[in-house]
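Q: Sharing work-v3.tsv, TSV, C-alpha atoms:
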chain	number	residue	atom	x	y	z
A	1	MET	CA	-16.24	-1.83	4.17
A	2	THR	CA	-13.69	-4.59	4.77
A	3	PRO	CA	-10.63	-2.76	3.48
A	4	ILE	CA	-11.34	0.20	5.78
A	5	PHE	CA	-11.94	-2.12	8.73
A	6	GLY	CA	-8.71	-3.94	7.88
A	7	TYR	CA	-6.82	-0.67	7.81
A	8	ALA	CA	-8.26	0.39	11.18
A	9	LEU	CA	-7.06	-2.86	12.72
A	10	SER	CA	-3.63	-2.62	11.14
A	11	ALA	CA	-3.06	0.99	12.16
A	12	PHE	CA	-2.90	-0.08	15.80
A	13	ALA	CA	0.69	-1.38	15.73
A	14	PRO	CA	2.34	1.55	13.88
A	15	ALA	CA	0.63	3.96	16.29
A	16	ILE	CA	2.17	2.27	19.31
A	17	SER	CA	5.55	1.97	17.58
A	18	ILE	CA	5.71	5.65	16.69
A	19	GLY	CA	4.80	6.64	20.23
A	20	TRP	CA	7.55	4.35	21.51
A	21	ILE	CA	10.16	5.76	19.13
A	22	ILE	CA	9.38	9.35	20.00
A	23	SER	CA	9.27	8.57	23.71
A	24	THR	CA	12.72	6.98	23.55
A	25	ALA	CA	14.04	9.95	21.58
A	26	LEU	CA	12.58	12.32	24.18
A	27	ASN	CA	14.19	10.39	27.02
A	28	GLY	CA	17.54	10.40	25.26
A	29	ILE	CA	17.44	14.13	24.57
A	30	ALA	CA	16.39	14.83	28.16
A	31	ARG	CA	19.32	12.90	29.51
A	32	GLN	CA	21.90	14.37	27.15
A	33	PRO	CA	20.93	17.51	25.26
A	34	GLU	CA	24.19	17.54	23.25
A	35	ALA	CA	23.05	14.42	21.43
A	36	ALA	CA	19.88	16.14	20.26
A	37	SER	CA	20.81	16.33	16.58
A	38	ALA	CA	21.90	12.70	16.28
A	39	LEU	CA	18.86	11.48	18.16
A	40	THR	CA	16.53	13.66	16.12
A	41	SER	CA	17.71	12.36	12.77
A	42	LEU	CA	17.52	8.76	13.96
A	43	ALA	CA	14.04	9.38	15.34
A	44	ILE	CA	12.87	10.84	12.03
A	45	LEU	CA	14.32	7.89	10.13
A	46	GLY	CA	12.60	5.42	12.43
A	47	PHE	CA	9.36	7.38	12.25
A	48	ALA	CA	9.30	7.33	8.47
A	49	VAL	CA	10.03	3.62	8.25
A	50	VAL	CA	7.24	2.77	10.69
A	51	GLU	CA	4.86	5.28	9.13
A	52	ALA	CA	5.42	3.55	5.80
A	53	LEU	CA	3.67	0.46	7.14
A	54	ALA	CA	0.65	2.46	8.19
A	55	ILE	CA	0.58	4.24	4.83
A	56	PHE	CA	0.72	0.95	2.91
A	57	GLY	CA	-2.45	-0.06	4.72
A	58	LEU	CA	-4.17	3.23	3.94
A	59	VAL	CA	-3.23	3.12	0.26
A	60	LEU	CA	-4.35	-0.49	-0.09
A	61	ALA	CA	-7.64	0.41	1.57
A	62	PHE	CA	-8.17	3.02	-1.13
A	63	VAL	CA	-6.97	0.98	-4.05
A	64	LEU	CA	-8.58	-2.38	-3.32
B	1	MET	CA	-16.15	-3.95	-1.37
B	2	SER	CA	-14.22	-0.81	-1.98
B	3	LEU	CA	-14.69	2.89	-2.05
B	4	ASN	CA	-16.01	2.64	-5.61
B	5	VAL	CA	-18.81	0.36	-4.41
B	6	LEU	CA	-19.61	2.77	-1.62
B	7	ARG	CA	-19.67	5.58	-4.12
B	8	SER	CA	-22.13	3.79	-6.38
B	9	LEU	CA	-24.25	2.86	-3.36
B	10	ALA	CA	-24.39	6.50	-2.29
B	11	MET	CA	-25.33	7.62	-5.77
B	12	ALA	CA	-28.04	4.97	-6.02
B	13	GLU	CA	-29.63	6.35	-2.88
B	14	GLY	CA	-29.54	9.82	-4.40
B	15	GLY	CA	-26.47	10.80	-2.36
B	16	GLY	CA	-24.83	12.83	-5.11
B	17	PHE	CA	-21.45	13.23	-3.47
B	18	GLU	CA	-18.57	11.44	-5.15
B	19	THR	CA	-15.69	10.62	-2.88
B	20	PRO	CA	-12.29	11.15	-4.52
B	21	THR	CA	-10.71	7.95	-5.77
B	22	ILE	CA	-7.43	6.98	-7.30
B	23	ALA	CA	-8.85	7.57	-10.78
B	24	ASP	CA	-8.98	11.29	-10.02
B	25	PHE	CA	-5.21	11.38	-10.11
B	26	TYR	CA	-5.01	10.44	-13.78
B	27	GLN	CA	-5.47	13.70	-15.62
B	28	PRO	CA	-4.37	13.40	-19.25
B	29	LEU	CA	-3.95	16.72	-20.99
B	30	TRP	CA	-3.17	15.56	-24.52
B	31	ASN	CA	-3.91	12.14	-26.02
B	32	ASP	CA	-5.03	9.29	-23.85
B	33	GLY	CA	-3.62	5.90	-22.90
B	34	PRO	CA	0.08	5.07	-22.80
B	35	LEU	CA	1.25	8.06	-24.85
B	36	ALA	CA	-0.78	10.55	-22.86
B	37	VAL	CA	0.84	13.72	-21.64
B	38	THR	CA	-0.60	13.85	-18.16
B	39	ARG	CA	-0.64	16.61	-15.62
B	40	ALA	CA	2.02	14.79	-13.63
B	41	ALA	CA	4.44	14.91	-16.57
B	42	VAL	CA	3.87	18.63	-17.13
B	43	VAL	CA	4.32	19.42	-13.42
B	44	LEU	CA	7.48	17.32	-13.30
B	45	LEU	CA	8.95	19.20	-16.26
B	46	LEU	CA	7.94	22.47	-14.65
B	47	SER	CA	9.69	21.48	-11.41
B	48	VAL	CA	12.88	20.51	-13.24
B	49	GLY	CA	12.89	23.84	-15.08
B	50	LEU	CA	12.28	25.71	-11.84
B	51	ILE	CA	15.08	23.91	-9.98
B	52	THR	CA	17.55	24.40	-12.83
B	53	TRP	CA	16.70	28.10	-13.09
B	54	TRP	CA	17.02	28.62	-9.34
B	55	LEU	CA	20.30	26.73	-8.98
B	56	ILE	CA	21.93	28.47	-11.91
B	57	LEU	CA	20.67	31.85	-10.81
B	58	THR	CA	21.97	31.56	-7.27
B	59	THR	CA	25.40	30.13	-8.09
B	60	LYS	CA	26.33	32.01	-11.25
B	61	ARG	CA	28.28	34.74	-9.50
B	62	ALA	CA	29.29	32.90	-6.37
B	63	ALA	CA	30.88	35.29	-3.91
B	64	ILE	CA	32.67	34.71	-0.64
B	65	VAL	CA	30.03	36.81	1.06
B	66	PRO	CA	26.91	35.10	-0.27
B	67	SER	CA	23.76	36.77	-1.45
B	68	LYS	CA	20.46	35.57	-0.07
B	69	GLY	CA	19.71	33.06	-2.82
B	70	GLN	CA	23.22	31.70	-2.73
B	71	TRP	CA	22.98	31.34	1.03
B	72	ILE	CA	19.79	29.33	0.76
B	73	THR	CA	21.21	27.04	-1.92
B	74	GLU	CA	24.42	26.57	0.04
B	75	GLY	CA	22.39	25.82	3.13
B	76	ILE	CA	20.45	23.05	1.44
B	77	TYR	CA	23.56	21.69	-0.26
B	78	GLY	CA	25.54	21.73	2.97
B	79	PHE	CA	22.70	20.02	4.78
B	80	ILE	CA	22.74	17.11	2.33
B	81	ARG	CA	26.49	16.98	1.88
B	82	ASN	CA	27.45	17.14	5.56
B	83	GLY	CA	24.37	16.05	7.42
B	84	VAL	CA	23.40	13.14	5.22
B	85	ALA	CA	26.22	12.07	2.93
B	86	ARG	CA	29.28	12.57	5.13
B	87	GLU	CA	27.57	11.30	8.27
B	88	ILE	CA	26.29	8.12	6.71
B	89	ILE	CA	28.63	7.19	3.89
B	90	GLY	CA	31.70	8.29	5.79
B	91	SER	CA	34.27	10.91	4.92
B	92	LYS	CA	36.32	8.71	2.59
B	93	ASP	CA	34.21	8.36	-0.53
B	94	PHE	CA	31.03	10.29	0.03
B	95	LEU	CA	31.76	12.98	-2.57
B	96	ARG	CA	30.93	10.64	-5.44
B	97	PHE	CA	27.35	10.32	-4.30
B	98	VAL	CA	26.55	13.86	-3.23
B	99	PRO	CA	25.24	14.92	-6.68
B	100	LEU	CA	22.82	12.00	-6.75
B	101	LEU	CA	21.57	12.59	-3.21
B	102	PHE	CA	21.30	16.35	-3.61
B	103	SER	CA	19.43	16.12	-6.91
B	104	MET	CA	16.98	13.59	-5.54
B	105	PHE	CA	16.37	15.55	-2.37
B	106	VAL	CA	15.68	18.80	-4.19
B	107	LEU	CA	13.55	17.11	-6.85
B	108	ILE	CA	11.41	15.24	-4.35
B	109	LEU	CA	11.07	18.28	-2.10
B	110	VAL	CA	9.95	20.62	-4.87
B	111	ASN	CA	7.56	18.08	-6.36
B	112	ASN	CA	6.07	17.35	-2.97
B	113	LEU	CA	5.63	21.03	-2.22
B	114	PHE	CA	3.79	21.40	-5.52
B	115	GLY	CA	1.05	19.38	-3.88
B	116	VAL	CA	0.01	22.31	-1.72
B	117	ILE	CA	1.13	25.39	-3.66
B	118	PRO	CA	-1.99	26.96	-5.20
B	119	PRO	CA	-1.38	27.30	-8.93
B	120	VAL	CA	-0.17	23.74	-9.21
B	121	GLN	CA	-1.60	21.62	-6.39
B	122	TYR	CA	-0.70	18.26	-7.81
B	123	PRO	CA	1.90	16.12	-6.04
B	124	THR	CA	3.72	14.35	-8.87
B	125	MET	CA	4.95	11.65	-6.50
B	126	SER	CA	1.37	10.44	-6.13
B	127	ARG	CA	1.66	8.62	-9.46
B	128	ILE	CA	3.66	5.54	-8.59
B	129	GLY	CA	5.70	5.56	-11.79
B	130	ILE	CA	7.81	8.51	-10.63
B	131	PRO	CA	8.90	7.10	-7.25
B	132	ILE	CA	9.64	3.84	-9.05
B	133	ALA	CA	11.91	5.71	-11.47
B	134	LEU	CA	13.75	7.43	-8.62
B	135	THR	CA	14.10	4.16	-6.74
B	136	LEU	CA	15.57	2.54	-9.84
B	137	PHE	CA	18.38	5.09	-9.74
B	138	VAL	CA	19.18	4.22	-6.13
B	139	TYR	CA	18.76	0.48	-6.74
B	140	VAL	CA	21.13	0.33	-9.67
B	141	THR	CA	23.61	2.57	-7.85
B	142	TYR	CA	23.94	0.58	-4.69
B	143	HIS	CA	24.13	-2.76	-6.42
B	144	TYR	CA	26.62	-1.50	-8.99
B	145	VAL	CA	28.84	0.06	-6.34
B	146	GLY	CA	28.77	-3.08	-4.22
B	147	ILE	CA	29.51	-5.44	-7.08
B	148	LYS	CA	32.25	-3.21	-8.44
B	149	ARG	CA	33.98	-3.18	-5.07
B	150	VAL	CA	34.14	-6.89	-4.30
B	151	GLY	CA	33.10	-8.73	-7.44
B	152	PHE	CA	29.89	-10.52	-8.26
B	153	LEU	CA	30.16	-13.73	-6.20
B	154	ALA	CA	31.83	-12.12	-3.20
B	155	TYR	CA	28.98	-9.58	-3.08
B	156	PHE	CA	26.51	-12.39	-2.47
B	157	ARG	CA	28.81	-14.19	-0.08
B	158	ASN	CA	29.24	-11.05	2.00
B	159	LEU	CA	25.50	-10.92	2.64
B	160	ALA	CA	25.99	-13.30	5.53
B	161	PRO	CA	28.38	-12.08	8.20
B	162	SER	CA	31.43	-14.25	8.81
B	163	GLY	CA	31.68	-16.56	11.77
B	164	MET	CA	28.18	-18.02	11.70
B	165	ALA	CA	27.24	-21.64	12.17
B	166	LYS	CA	27.21	-23.48	8.85
B	167	TRP	CA	23.57	-24.45	8.90
B	168	ILE	CA	22.27	-20.90	9.31
B	169	VAL	CA	24.22	-19.29	6.50
B	170	GLY	CA	21.74	-20.54	3.88
B	171	PRO	CA	18.58	-19.05	5.39
B	172	ILE	CA	20.40	-15.83	6.23
B	173	ILE	CA	21.59	-15.40	2.66
B	174	LEU	CA	18.06	-16.07	1.42
B	175	LEU	CA	16.65	-13.51	3.84
B	176	GLU	CA	19.26	-10.95	2.89
B	177	ILE	CA	18.62	-11.52	-0.80
B	178	ILE	CA	14.92	-10.87	-0.26
B	179	THR	CA	15.75	-7.73	1.71
B	180	PHE	CA	18.32	-6.34	-0.69
B	181	PHE	CA	16.57	-7.14	-3.94
B	182	PHE	CA	12.88	-6.85	-3.15
B	183	THR	CA	11.97	-5.26	0.14
B	184	ARG	CA	14.26	-2.25	0.00
B	185	PRO	CA	13.29	-0.88	-3.42
B	186	LEU	CA	9.64	-1.74	-2.93
B	187	THR	CA	9.33	-0.01	0.40
B	188	LEU	CA	11.41	2.95	-0.73
B	189	ALA	CA	9.09	3.64	-3.65
B	190	MET	CA	5.88	2.80	-1.83
B	191	ARG	CA	6.71	4.94	1.18
B	192	LEU	CA	7.06	8.07	-0.95
B	193	PHE	CA	4.09	7.21	-3.16
B	194	GLY	CA	1.82	6.23	-0.27
B	195	ASN	CA	2.50	9.33	1.80
B	196	MET	CA	1.90	11.72	-1.09
B	197	PHE	CA	-1.14	9.84	-2.37
B	198	ALA	CA	-2.81	9.47	1.01
B	199	GLY	CA	-2.14	13.08	1.97
B	200	HIS	CA	-3.57	14.40	-1.26
B	201	ILE	CA	-6.64	12.18	-1.07
B	202	LEU	CA	-7.30	13.46	2.44
B	203	LEU	CA	-7.04	17.04	1.27
B	204	LEU	CA	-9.34	16.33	-1.70
B	205	LEU	CA	-11.84	14.62	0.58
B	206	PHE	CA	-11.97	17.45	3.07
B	207	ILE	CA	-12.18	20.19	0.49
B	208	THR	CA	-14.67	18.63	-1.90
B	209	GLY	CA	-16.70	17.21	0.98
B	210	GLY	CA	-16.72	20.56	2.72
B	211	GLU	CA	-17.84	22.29	-0.46
B	212	TYR	CA	-20.59	19.73	-0.96
B	213	MET	CA	-21.76	20.14	2.60
B	214	LEU	CA	-21.76	23.91	2.38
B	215	VAL	CA	-23.80	23.96	-0.80
B	216	HIS	CA	-26.34	21.22	-0.17
B	217	GLY	CA	-27.51	20.89	3.37
B	218	GLY	CA	-29.34	22.33	6.25
B	219	PHE	CA	-27.83	24.71	8.75
B	220	ALA	CA	-26.06	22.08	10.84
B	221	ILE	CA	-24.53	20.50	7.75
B	222	LYS	CA	-23.29	23.90	6.64
B	223	LEU	CA	-21.51	24.30	9.98
B	224	ALA	CA	-19.99	20.87	9.54
B	225	GLY	CA	-18.82	22.02	6.11
B	226	LEU	CA	-16.99	24.91	7.73
B	227	GLY	CA	-15.41	22.42	10.09
B	228	ALA	CA	-14.27	20.40	7.07
B	229	TYR	CA	-12.53	23.49	5.71
B	230	VAL	CA	-10.75	24.03	9.02
B	231	MET	CA	-9.61	20.42	8.88
B	232	ALA	CA	-8.43	20.98	5.31
B	233	PHE	CA	-6.31	23.91	6.51
B	234	LEU	CA	-4.77	21.85	9.33
B	235	MET	CA	-4.17	18.93	7.00
B	236	THR	CA	-2.39	21.23	4.54
B	237	ILE	CA	0.04	22.34	7.23
B	238	PHE	CA	0.56	18.74	8.34
B	239	GLU	CA	1.02	17.74	4.72
B	240	MET	CA	3.80	20.29	4.26
B	241	LEU	CA	5.64	18.83	7.25
B	242	ILE	CA	5.19	15.29	5.92
B	243	GLU	CA	6.53	16.39	2.54
B	244	PHE	CA	9.76	17.65	4.05
B	245	VAL	CA	10.12	14.50	6.12
B	246	GLN	CA	9.50	12.20	3.16
B	247	ALA	CA	12.06	13.96	0.97
B	248	TYR	CA	14.60	13.81	3.80
B	249	VAL	CA	13.89	10.17	4.57
B	250	PHE	CA	14.15	9.10	0.93
B	251	THR	CA	17.58	10.71	0.71
B	252	LEU	CA	18.63	9.33	4.09
B	253	LEU	CA	17.66	5.78	3.18
B	254	ALA	CA	19.33	6.06	-0.23
B	255	ALA	CA	22.51	7.16	1.55
B	256	THR	CA	22.17	4.28	4.02
B	257	TYR	CA	21.83	1.70	1.25
B	258	ILE	CA	24.81	3.14	-0.59
B	259	ALA	CA	26.81	3.20	2.64
B	260	GLY	CA	25.99	-0.46	3.18
B	261	SER	CA	27.47	-1.29	-0.21
B	262	VAL	CA	30.52	0.92	0.20
B	263	ALA	CA	31.48	0.05	3.77
B	264	ASP	CA	34.42	-2.24	4.54
B	265	GLU	CA	32.78	-4.85	6.70
B	266	HIS	CA	35.14	-7.74	6.20
Go ahead and express the file in the form of structure tokens.
A:
Amino acid sequence: MTPIFGYALSAFAPAISIGWIISTALNGIARQPEAASALTSLAILGFAVVEALAIFGLVLAFVL
Amino acid sequence: MSLNVLRSLAMAEGGGFETPTIADFYQPLWNDGPLAVTRAAVVLLLSVGLITWWLILTTKRAAIVPSKGQWITEGIYGFIRNGVAREIIGSKDFLRFVPLLFSMFVLILVNNLFGVIPPVQYPTMSRIGIPIALTLFVYVTYHYVGIKRVGFLAYFRNLAPSGMAKWIVGPIILLEIITFFFTRPLTLAMRLFGNMFAGHILLLLFITGGEYMLVHGGFAIKLAGLGAYVMAFLMTIFEMLIEFVQAYVFTLLAATYIAGSVADEH
């Protein structure tokens, strides 16, 4: 039970971070639609890096 | 306490349903142990054969007005060459690295997609050895390129930017060494492995759990089993999106690390 509980606690921070990243990307695209492609690729990069932390927790909850 | 303990608890109570675990991913086809030919190896070979056949087929008679297959291949190649390599490594010496980035992107994409395509349905990247092997390529490349450019000692000295107070250079170099030599390859491999593994386990859980609920259970449980199948469908679509993103991000980060070694900072 403890690994799953640990993962639930640790998934809190990546969730907020991903929402923040996407919100900033949305704001940037709304202000300047020409920058959409640059902002999108940066947002995807940031999303994947943050998502990695959440995935580490999930994998460790399965493996341990 | 782990999922295995929960599984044995459930079986002791007469539960009967076995949740999928990491051991389900090890499927040896011939032999067993270190020399086993596992399903992952066969699928990887199949993907390499498929990619080679497709690439040769679509570029053998390359015309100015492209055929459909050639257009698709050129689209993917142009995406990696312009969108990733030229943007990040810069237009001076990005051509050297385009074969590496393109091969890795296509390999990871096809192997990821094998996780949801019906005859195969086994994501090879969910065995951690394969992402580790791919990361080794990137790791050796960016260190080799960096050391070849400025020499061995200067490579380490450049880890700390110039113009810092004397007392902070030590901790910064230590931190950068940890980042460059440990964190980057570890997270690169684990990101790909974790996403594919977790996605596939979720799919397995929904599908096998839904099947179990449909077969054994009262009426309400059977309805919940149908709901599990709907979730499996949605998760498959989500998993396809994640597979594209993970292939793209692996290539993007590889390009970023190479660009960091190739750039003229000082």
Q: Excluding B:Thr141 and any residue of its chain fewer than 4 positions from it, enumerate the residues within 12 Å of it, using all atoms listed in the file, and give them as a PyMOL selection string.
A: chain B and resi 96-97+100-101+134-137+145-148+185+254-255+257-262
Q: Provide as a ChimeraX atom specification the residues of chain B at most 9 Å from chain A, counting only C-alpha atoms.
A: /B:1-3,6,21-22,187-188,190-192,194-195,197-198,245-246,248-249,252-253
Q: What's the separation between atom CA of B:Val215 and atom CA of B:Pro123, in Å to one decimal place?
A: 27.4 Å
Q: Suppose you want the space between atom CA of B:Ile242 and atom CA of B:Met125; what is it in Å?
A: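 If I compute the distance from atom CA of B:Ile242 to atom CA of B:Met125, I get 12.9 Å.
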Q: Would you compute the distance between atom CA of B:Val106 and atom CA of B:Ile72? Give it in Å to one decimal.
A: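 Between these atoms lies a distance of 12.3 Å.
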Q: Using all atoms listed in the file, which protein or nucleic acid residues come within 9 Å of B:Leu202? Drop anything in the same chain fewer than 3 positions from it, and give the result as number ranges by chain.
A: B: 20, 197-199, 205-207, 232, 235
Q: Would you please work out which residue, of B:Ile76, B:Leu55, B:Gly49, B:Val43, is nearest to B:Phe105 when using all atoms listed in the file?
A: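 Using all atoms listed in the file, the shortest distance to B:Phe105 belongs to B:Ile76.
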Q: Would you pick out the contacts of A:Thr24 at 9 Å or less, using only C-alpha atoms, so that residues sharing its chain but fewer than 5 positions from it are not included, and give the list as a list of chain:residue names?
A: A:Gly19, A:Ile29, A:Ala43
Q: Give me the residues within 12 Å of B:Leu203 as a PyMOL selection string, counting all atoms listed in the file and dropping any in the same chain fewer than 4 places off.
A: chain B and resi 19-20+115-116+121-123+196-199+207-210+228-240
Q: Set the distance at 9 Å and use all atoms listed in the file: which residues neighbour A:Ala25 once local chain neighbours fewer than 5 positions away are removed? I'd like the list as a list in words.
A: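 Here the qualifying residues turn out to be Trp20, Ala30, Ala36, Leu39, Thr40, Leu42 and Ala43 of chain A.
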